[in-house]
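S.K.: Before anything else, here's the structure in question.
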Amino acid sequence: MPLVRIEVRKGQDAGFRQQVGHIVYEAMVSSIGVPKNDNFQVIGEHAAQDLVFDEDYLGIHRTGGFICIQIFLNEGRTLEQKKALYKAIADGLASSLSVRPEDVLINLVEVKKENWSFGNGIAQYAS
């Protein structure tokens, strides 16, 4: 069960934000095996001064179109799956929304399965 946080600069319409979420979800399904309907996202928008990023860190030039994507997910994906996910998200955003791949930061946070409760105060994945 991934939990996805997507942060964009204010000024994008709701349709843009929803499409970003859809692209991220579809990339997770196709590249890391997320089950259909396992879609939990928090999408936020921020004033320019509240979305802080270095414009040239690691020699990658970023613009005001910067998008920060953080995905919390269960441990266990291979490096190849993670690379495929990064590429699928960046390529999907570029082709569907003309987002520059340089403006897409993705961070995966792996957690143990017992660290989730889907509701009812129960750790559904705990063994």
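Chain lettering (A, B, ...) mirrors the order of the structure tokens, residue numbering begins at 1 for each chain separately, and ligand numbering begins at 1 in order of display.
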Can you list, as a JSON list (two decimals) with C-alpha atoms, in the first residue's frame, every protein, DNA or RNA residue that comes within 6 Å of segment 5-18 of chain A when you count only C-alpha atoms, leaving out same-chain residues fewer than 2 positions away?
M.R.:
[["chain", "number", "residue", "atom", "x", "y", "z"],
["A", 20, "VAL", "CA", -0.22, 14.09, -11.94],
["A", 21, "GLY", "CA", -1.75, 11.78, -9.33],
["A", 41, "GLN", "CA", -2.60, 10.24, -2.29],
["A", 42, "VAL", "CA", -2.22, 13.62, -0.66],
["A", 43, "ILE", "CA", -1.75, 16.38, -3.22],
["A", 44, "GLY", "CA", -0.70, 19.80, -1.97],
["A", 45, "GLU", "CA", 0.04, 23.09, -3.60],
["A", 46, "HIS", "CA", 2.36, 25.70, -2.19],
["A", 47, "ALA", "CA", 3.27, 29.33, -2.69],
["A", 67, "ILE", "CA", 7.14, 18.72, -8.56],
["A", 68, "CYS", "CA", 8.09, 16.79, -5.42],
["A", 69, "ILE", "CA", 6.76, 13.23, -5.16],
["A", 70, "GLN", "CA", 7.27, 11.16, -2.02]]
S.K.: Using only C-alpha atoms, which protein or nucleic acid residues come within 9 Å of Ala123 of chain A? Drop anything in the same chain fewer than 5 positions from it, and give the result as number ranges by chain.
M.R.: A: 113-118
S.K.: Would you list the contacts of Gly92 of chain A as a compact mmCIF listing (two decimals) with N, CA and C atoms, in the first residue's frame, taking every protein, DNA or RNA residue within 12 Å and counting only C-alpha atoms, but skipping same-chain residues closer than 6 positions in sequence?
M.R.:
# COMPACT_ATOMS: atom_id res chain seq x y z
N GLN A 19 -4.27 14.82 -12.75
CA GLN A 19 -3.56 14.07 -13.78
C GLN A 19 -2.19 13.63 -13.28
N VAL A 20 -1.49 14.50 -12.53
CA VAL A 20 -0.22 14.09 -11.94
C VAL A 20 -0.44 12.86 -11.05
N GLY A 21 -1.45 12.91 -10.20
CA GLY A 21 -1.75 11.78 -9.33
C GLY A 21 -2.05 10.52 -10.12
N HIS A 22 -2.81 10.65 -11.19
CA HIS A 22 -3.15 9.49 -12.02
C HIS A 22 -1.89 8.90 -12.66
N ILE A 23 -1.02 9.74 -13.17
CA ILE A 23 0.21 9.27 -13.80
C ILE A 23 1.09 8.53 -12.79
N VAL A 24 1.22 9.08 -11.59
CA VAL A 24 2.02 8.43 -10.56
C VAL A 24 1.42 7.07 -10.20
N TYR A 25 0.11 7.02 -10.02
CA TYR A 25 -0.55 5.76 -9.68
C TYR A 25 -0.34 4.71 -10.77
N GLU A 26 -0.58 5.08 -12.03
CA GLU A 26 -0.41 4.13 -13.13
C GLU A 26 1.03 3.65 -13.24
N ALA A 27 1.99 4.53 -12.97
CA ALA A 27 3.40 4.13 -12.99
C ALA A 27 3.69 3.11 -11.89
N MET A 28 3.08 3.29 -10.73
CA MET A 28 3.29 2.32 -9.63
C MET A 28 2.69 0.97 -9.98
N SER A 30 2.25 -0.31 -13.02
CA SER A 30 2.99 -0.96 -14.11
C SER A 30 4.43 -1.32 -13.75
N ALA A 84 12.66 1.71 -12.84
CA ALA A 84 11.54 1.70 -13.79
C ALA A 84 10.43 2.64 -13.32
N LEU A 85 10.19 2.68 -12.02
CA LEU A 85 9.17 3.59 -11.47
C LEU A 85 9.57 5.04 -11.72
N TYR A 86 10.81 5.40 -11.40
CA TYR A 86 11.26 6.78 -11.61
C TYR A 86 11.08 7.19 -13.08
N SER A 98 3.63 17.82 -20.26
CA SER A 98 4.79 18.65 -20.65
C SER A 98 5.60 19.12 -19.45
N VAL A 99 5.66 18.30 -18.41
CA VAL A 99 6.51 18.59 -17.25
C VAL A 99 7.93 18.17 -17.62
N ARG A 100 8.87 19.04 -17.40
CA ARG A 100 10.27 18.73 -17.67
C ARG A 100 10.74 17.63 -16.71
N PRO A 101 11.37 16.56 -17.21
CA PRO A 101 11.88 15.52 -16.31
C PRO A 101 12.83 16.08 -15.25
N VAL A 104 11.23 16.94 -11.82
CA VAL A 104 10.53 15.90 -11.07
C VAL A 104 11.49 15.26 -10.06
S.K.: At what distance in Å, to one decimal, does atom CA of Leu108 of chain A lie from atom CA of Leu73 of chain A?
M.R.: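 Interatomic distance, atom CA of Leu73 of chain A to atom CA of Leu108 of chain A: 7.3 Å.
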S.K.: Calculate how many Å separate atom CA of Gln124 of chain A from atom CA of Ser31 of chain A, rounding to one decimal.
M.R.: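 We find that atom CA of Gln124 of chain A and atom CA of Ser31 of chain A lie 23.9 Å from each other.
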S.K.: When you draw a straight line from atom CA of Asp103 of chain A to atom CA of Lys87 of chain A, how long is it in Å?
M.R.: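 Separating atom CA of Asp103 of chain A from atom CA of Lys87 of chain A is a distance of 13.0 Å.
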S.K.: Using DSSP on the backbone coordinates, identify the residues of segment 35-106 of chain A assigned to alpha helix (DSSP H); present them as a PyMOL selection string.
M.R.: chain A and resi 79-97
S.K.: Residues of segment 82-120 of chain A in strand (DSSP E or B) according to DSSP, as a PyMOL selection string?
M.R.: chain A and resi 104-111+119
S.K.: What lies within 12 Å of Glu110 of chain A using only C-alpha atoms, ignoring chain neighbours under 5 positions off, as a list in words?
M.R.: Met1, Pro2, Leu3, Gln70, Ile71, Phe72, Leu73, Asn74, Glu75, Gly76, Arg77, Thr78, Lys82, Asn115 and Trp116 of chain A
